[in-house]
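Novice: Handing you a structure now.
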Amino acid sequence: MVKKDWKLLLIDDDPGIRKVMSITLEDAGYRVQTAPSGEEGLVLCLEWSPQIVITDIRMPGMDGLEVLRCVKERYPDTEVIVVTAFSELDFAVKALQLGASDFITKPVNDDALQVALKRAKERYSTRKELRDYTAIIEEKWMETAEELAKTFNFQQILIDSSIDGIVACDQEGRVIIFNKSMEAMLGFSRQEAIGVLTLDRFFADGEYNKFRAKLQSDEFGGRDRLFLYESTLRSAAGLKIPVQVSASILFEEQQSIGVVGFFRDLRDIRRLTQQFADQARLLQQDKMISLGRLAASVVHEINNPLSGLLNYARLMLKILGQNELTRESSHKFSGYLNLMESELSRCSKIVSNLLAFSRMSKLEFSEVDINELLARSLLLSQHRLSLQNIQAETRLDAAVPKVQGDFNQLQQCIINLIFNAIDAMPEGGRLLLESRLDPKQELVLIRVKDNGCGISKEDQMYIFDPFFTTKKEGKGLGLGLSTVYGIIDRHKGTISVESKPDEGSTFTIKLPIRK
């Protein structure tokens, strides 16, 4: 099939991305149509019947995962490539589990796009050839399993081109087809498997009986059929390999003559899942480092008001130990109680904020008041600032609207930036926290500015990389700014720095206004 025969549908809510990618794909020889939403994309799928669909994950209304489900349900032969941000690896994993042929990350690299398209075309062509071949088998009414195996051998190149592993067995379970992908996956050669081994040899302990039971049940695609069932195989070296299995019992004149199975190796998907878990663990590790530094500060922060409360309580007990309360004593009593209430309220706010910051929680988006975020972060850091003789100032724009985000993680970003500013001003200095609205670009700006030691031009290229640090050994892991970068990226925002040595640094966070 020549390129001009390939019809490709691009679904993305960003008109600029649709235009640029359309030009690139048309220059590569594809026939392209575009849609600005998932709903319109499904209509075009019905009217135009594209072989390949490229869809963004994040879209208003119907998102990319829902588009993928609908396309695979209505047009199972259509290949779907999803486009996602690097921080949305969990969505990419879900997409692969739902049958996507591949995923590519933003910004879209042309080489990665071409590799994904090549893979999609191979899968589409292989499936079509296998379907045509199956139709030929049914038409010719194969007389025996031996004749079935002979015909399969004529098509060995077709089967070997499959990206998924393919195994076919006769009525007794002996292997009669074992393709190259299966050889690579399990480490058995074709000579070792065909006519020698039985299907149960490839499954881990206890998994084959489960596979047969599910194949004969109605759970995964209907009786005598299995669709996207997860199991575990055992390689020639004894390694356990997680797989996704689709299988079918083959019939001739209502008599079972064998089984054919298609096996997708899930190790890469599981590796992506683990990478995502590692990211979350690093995020929490960084938070615990910040929490330790905050806790030491908060102990001193609340010690003074607690000492004051103790003295007020002793004075009140002394007054109660005297004769009946006079008007003057009552007035003193009331004053002490007001002071105690004020100090207790301040201690309560500090401790509550510290507890909220310490909790490990899932990324949960809700409305976030940026000015409140900056005020709380400053409250938790106030004692460290005072100890280091740093004057803190806020310029909060009352017109700043609320944004969609995770308050806890955004607070982690601000506290990390405050701590970096403190470390940059060991002899004291000035710190500015600022919020501002940019209505033209529909952005909320947050600035953290200090007049400390600054960052060299050479180091500014690397400060957001994991484990890069300009601090002395033992003074930092280099996770703070890379964690901030990751959190802001997950919020669809950006972070940048302007700095000069010995003059200070200004970190600017830009977050989109979500309507």
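Ordering of the structure tokens sets the chain letters (A, B, ...), residue numbers begin anew at 1 in every chain, and ligands are numbered from 1 in the order given.
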Find the residues around stretch 252-269 of chain A up to 8 Å (only C-alpha atoms counted), leave out those fewer than 5 positions away in its own chain, and share them as a list in words.

Specialist: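 Those residues are Val93, Leu96, Trp141, Met142, Thr144, Ala145, Asp164, Gly165, Ile166, Val167, Ala168, Cys169, Asp170, Gln171, Glu172, Gly173, Met182, Met185, Ile241, Pro242, Val243, Gln244, Val245, Ser246 and Ala247 of chain A.
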
Novice: List the spatial neighbours of A:Leu396 as number ranges by chain - criterion: any atom at most 8 Å away, only C-alpha atoms, same-chain residues fewer than 4 positions off excluded.

Specialist: A: 371, 433-436

Novice: Need the shell around A:Ile415: protein/DNA/RNA residues with any atom at most 6 Å away, counting only C-alpha atoms. Skip same-chain ones fewer than 3 positions apart. Format as a list of chain:residue names?

Specialist: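 Here the qualifying residues turn out to be A:Ser377, A:Gln412, A:Ile418.
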
Novice: Measuring atom to atom with only C-alpha atoms, identify which of A:Gly428, A:Pro76, A:Gly452, A:Pro107 is nearest to A:Glu503.

Specialist: A:Gly452

Novice: Return the single residue from A:Ile446, A:Thr506, A:Lys492, A:Asp406 that is closest to A:Ala421, with distances computed using only C-alpha atoms.

Specialist: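 Going through A:Ile446, A:Thr506, A:Lys492, A:Asp406 one by one, the smallest distance to A:Ala421 is for A:Thr506.
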
Novice: For stretch 200-216 of chain A, please output as a short mmCIF file (atom, residue, chain, number, x, y, z; two decimals) with C-alpha atoms, in the first residue's frame all residues within 7 Å (counting only C-alpha atoms; exclusion window: fewer than 4 positions along the same chain).

Specialist:
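Result file is around_35.cif:
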data_model
loop_
_atom_site.label_atom_id
_atom_site.label_comp_id
_atom_site.auth_asym_id
_atom_site.auth_seq_id
_atom_site.Cartn_x
_atom_site.Cartn_y
_atom_site.Cartn_z
CA ARG A 223 -16.92 -18.46 25.08
CA ASP A 224 -13.99 -20.05 23.18
CA ARG A 225 -12.46 -16.59 22.70
CA LEU A 226 -10.14 -14.54 24.87
CA SER A 231 -1.20 -13.72 32.30
CA THR A 232 2.43 -14.75 32.95
CA LEU A 233 4.70 -16.80 30.70
CA ARG A 234 7.94 -18.59 31.60
CA SER A 235 10.97 -18.24 29.34
CA LYS A 240 8.59 -14.77 34.34
#

Novice: Give me, as a PyMOL selection string, the residues of stretch 8-118 of chain A that a backbone DSSP run labels helix (DSSP H, G or I).

Specialist: chain A and resi 15-27+38-48+64-74+89-97+110-118

Novice: Restrict the selected residues to C-alpha atoms and save them as an mmCIF file, in the first residue's frame.

Specialist:
data_model
loop_
_atom_site.group_PDB
_atom_site.id
_atom_site.type_symbol
_atom_site.label_atom_id
_atom_site.label_comp_id
_atom_site.auth_asym_id
_atom_site.auth_seq_id
_atom_site.Cartn_x
_atom_site.Cartn_y
_atom_site.Cartn_z
ATOM 1 C CA PRO A 15 -5.451 24.705 15.906
ATOM 2 C CA GLY A 16 -1.736 25.495 15.701
ATOM 3 C CA ILE A 17 -0.741 21.883 16.357
ATOM 4 C CA ARG A 18 -3.334 20.639 13.830
ATOM 5 C CA LYS A 19 -1.963 22.970 11.150
ATOM 6 C CA VAL A 20 1.733 22.162 11.707
ATOM 7 C CA MET A 21 1.255 18.400 11.969
ATOM 8 C CA SER A 22 -1.060 18.359 8.917
ATOM 9 C CA ILE A 23 1.615 20.021 6.795
ATOM 10 C CA THR A 24 4.256 17.573 8.051
ATOM 11 C CA LEU A 25 2.070 14.517 7.399
ATOM 12 C CA GLU A 26 0.904 15.678 3.968
ATOM 13 C CA ASP A 27 4.512 16.370 2.986
ATOM 14 C CA GLY A 38 -13.139 13.872 20.070
ATOM 15 C CA GLU A 39 -16.804 14.034 19.123
ATOM 16 C CA GLU A 40 -16.106 15.494 15.668
ATOM 17 C CA GLY A 41 -13.260 13.033 15.221
ATOM 18 C CA LEU A 42 -15.607 10.058 15.712
ATOM 19 C CA VAL A 43 -17.984 11.499 13.093
ATOM 20 C CA LEU A 44 -15.074 11.699 10.614
ATOM 21 C CA CYS A 45 -14.104 8.103 11.457
ATOM 22 C CA LEU A 46 -17.588 7.008 10.383
ATOM 23 C CA GLU A 47 -17.648 9.109 7.208
ATOM 24 C CA TRP A 48 -14.036 8.784 6.041
ATOM 25 C CA GLY A 64 -8.090 11.057 24.109
ATOM 26 C CA LEU A 65 -8.626 7.900 26.195
ATOM 27 C CA GLU A 66 -12.381 8.009 25.528
ATOM 28 C CA VAL A 67 -11.712 8.542 21.805
ATOM 29 C CA LEU A 68 -9.394 5.499 21.890
ATOM 30 C CA ARG A 69 -12.068 3.347 23.567
ATOM 31 C CA CYS A 70 -14.755 4.360 21.077
ATOM 32 C CA VAL A 71 -12.529 3.882 18.005
ATOM 33 C CA LYS A 72 -11.372 0.437 19.153
ATOM 34 C CA GLU A 73 -14.942 -0.577 19.955
ATOM 35 C CA ARG A 74 -16.452 0.628 16.655
ATOM 36 C CA LEU A 89 3.132 8.542 31.646
ATOM 37 C CA ASP A 90 0.273 6.962 33.585
ATOM 38 C CA PHE A 91 -2.158 7.997 30.778
ATOM 39 C CA ALA A 92 0.265 6.591 28.179
ATOM 40 C CA VAL A 93 0.302 3.251 30.004
ATOM 41 C CA LYS A 94 -3.523 3.186 30.100
ATOM 42 C CA ALA A 95 -3.634 3.977 26.386
ATOM 43 C CA LEU A 96 -1.327 1.047 25.542
ATOM 44 C CA GLN A 97 -3.440 -1.242 27.720
ATOM 45 C CA ASP A 110 9.303 14.290 13.706
ATOM 46 C CA ASP A 111 11.517 11.193 14.004
ATOM 47 C CA ALA A 112 9.405 9.804 16.860
ATOM 48 C CA LEU A 113 6.236 10.525 14.844
ATOM 49 C CA GLN A 114 7.571 8.637 11.810
ATOM 50 C CA VAL A 115 8.585 5.636 13.977
ATOM 51 C CA ALA A 116 5.106 5.539 15.545
ATOM 52 C CA LEU A 117 3.446 5.760 12.094
ATOM 53 C CA LYS A 118 5.652 2.973 10.766
#

Novice: Just the residues within 12 Å of A:Phe333, please, counting only C-alpha atoms, with nothing from its chain fewer than 3 positions along; format it as a list in words.

Specialist: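 Here the qualifying residues turn out to be Tyr312, Ala313, Arg314, Leu315, Met316, Leu317, Lys318, Ile319, Leu320, Leu325, Thr326, Arg327, Glu328, Ser329, Ser330, Tyr336, Leu337, Asn338, Leu339 and Met340 of chain A.
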
Novice: Only N, CA and C atoms, please: the residues just picked out, written as a CSV table (one decimal), in the first residue's frame.

Specialist:
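Full text of selection_31.csv as output:
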chain,number,residue,atom,x,y,z
A,312,TYR,N,1.0,33.6,81.2
A,312,TYR,CA,-0.4,34.1,81.4
A,312,TYR,C,-1.2,33.2,82.3
A,313,ALA,N,-1.1,31.9,82.1
A,313,ALA,CA,-1.8,30.9,82.9
A,313,ALA,C,-1.5,31.0,84.4
A,314,ARG,N,-0.2,31.2,84.6
A,314,ARG,CA,0.3,31.3,86.0
A,314,ARG,C,-0.2,32.6,86.7
A,315,LEU,N,-0.2,33.7,85.9
A,315,LEU,CA,-0.8,35.0,86.4
A,315,LEU,C,-2.2,34.8,86.7
A,316,MET,N,-3.0,34.1,85.8
A,316,MET,CA,-4.4,34.0,86.1
A,316,MET,C,-4.7,33.1,87.3
A,317,LEU,N,-3.9,32.1,87.5
A,317,LEU,CA,-4.0,31.2,88.7
A,317,LEU,C,-3.7,32.0,90.0
A,318,LYS,N,-2.7,32.9,89.8
A,318,LYS,CA,-2.3,33.7,91.0
A,318,LYS,C,-3.5,34.6,91.4
A,319,ILE,N,-4.1,35.2,90.3
A,319,ILE,CA,-5.3,36.1,90.6
A,319,ILE,C,-6.4,35.3,91.2
A,320,LEU,N,-6.7,34.1,90.7
A,320,LEU,CA,-7.8,33.3,91.3
A,320,LEU,C,-7.5,32.9,92.7
A,325,LEU,N,-12.8,38.3,92.6
A,325,LEU,CA,-12.3,39.1,91.5
A,325,LEU,C,-12.8,40.5,91.6
A,326,THR,N,-11.9,41.4,91.5
A,326,THR,CA,-12.3,42.8,91.4
A,326,THR,C,-12.5,43.2,89.9
A,327,ARG,N,-13.1,44.4,89.7
A,327,ARG,CA,-13.2,44.9,88.3
A,327,ARG,C,-11.9,45.0,87.6
A,328,GLU,N,-10.9,45.4,88.4
A,328,GLU,CA,-9.5,45.5,87.8
A,328,GLU,C,-9.0,44.2,87.4
A,329,SER,N,-9.2,43.2,88.3
A,329,SER,CA,-8.7,41.8,88.1
A,329,SER,C,-9.4,41.2,86.9
A,330,SER,N,-10.7,41.4,86.8
A,330,SER,CA,-11.5,40.9,85.7
A,330,SER,C,-11.0,41.5,84.3
A,336,TYR,N,-5.6,38.9,79.4
A,336,TYR,CA,-4.8,37.7,79.3
A,336,TYR,C,-5.4,36.7,78.3
A,337,LEU,N,-6.8,36.5,78.5
A,337,LEU,CA,-7.5,35.5,77.6
A,337,LEU,C,-7.4,35.9,76.2
A,338,ASN,N,-7.6,37.2,75.9
A,338,ASN,CA,-7.5,37.7,74.5
A,338,ASN,C,-6.1,37.4,73.9
A,339,LEU,N,-5.0,37.7,74.7
A,339,LEU,CA,-3.7,37.4,74.2
A,339,LEU,C,-3.5,35.9,74.0
A,340,MET,N,-4.0,35.1,75.0
A,340,MET,CA,-3.8,33.6,74.8
A,340,MET,C,-4.5,33.1,73.6

Novice: Could you jot down the atom CA of A:Ser482 to atom CA of A:Ala85 separation for me, Å, one decimal place?

Specialist: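 Between these atoms lies a distance of 16.4 Å.
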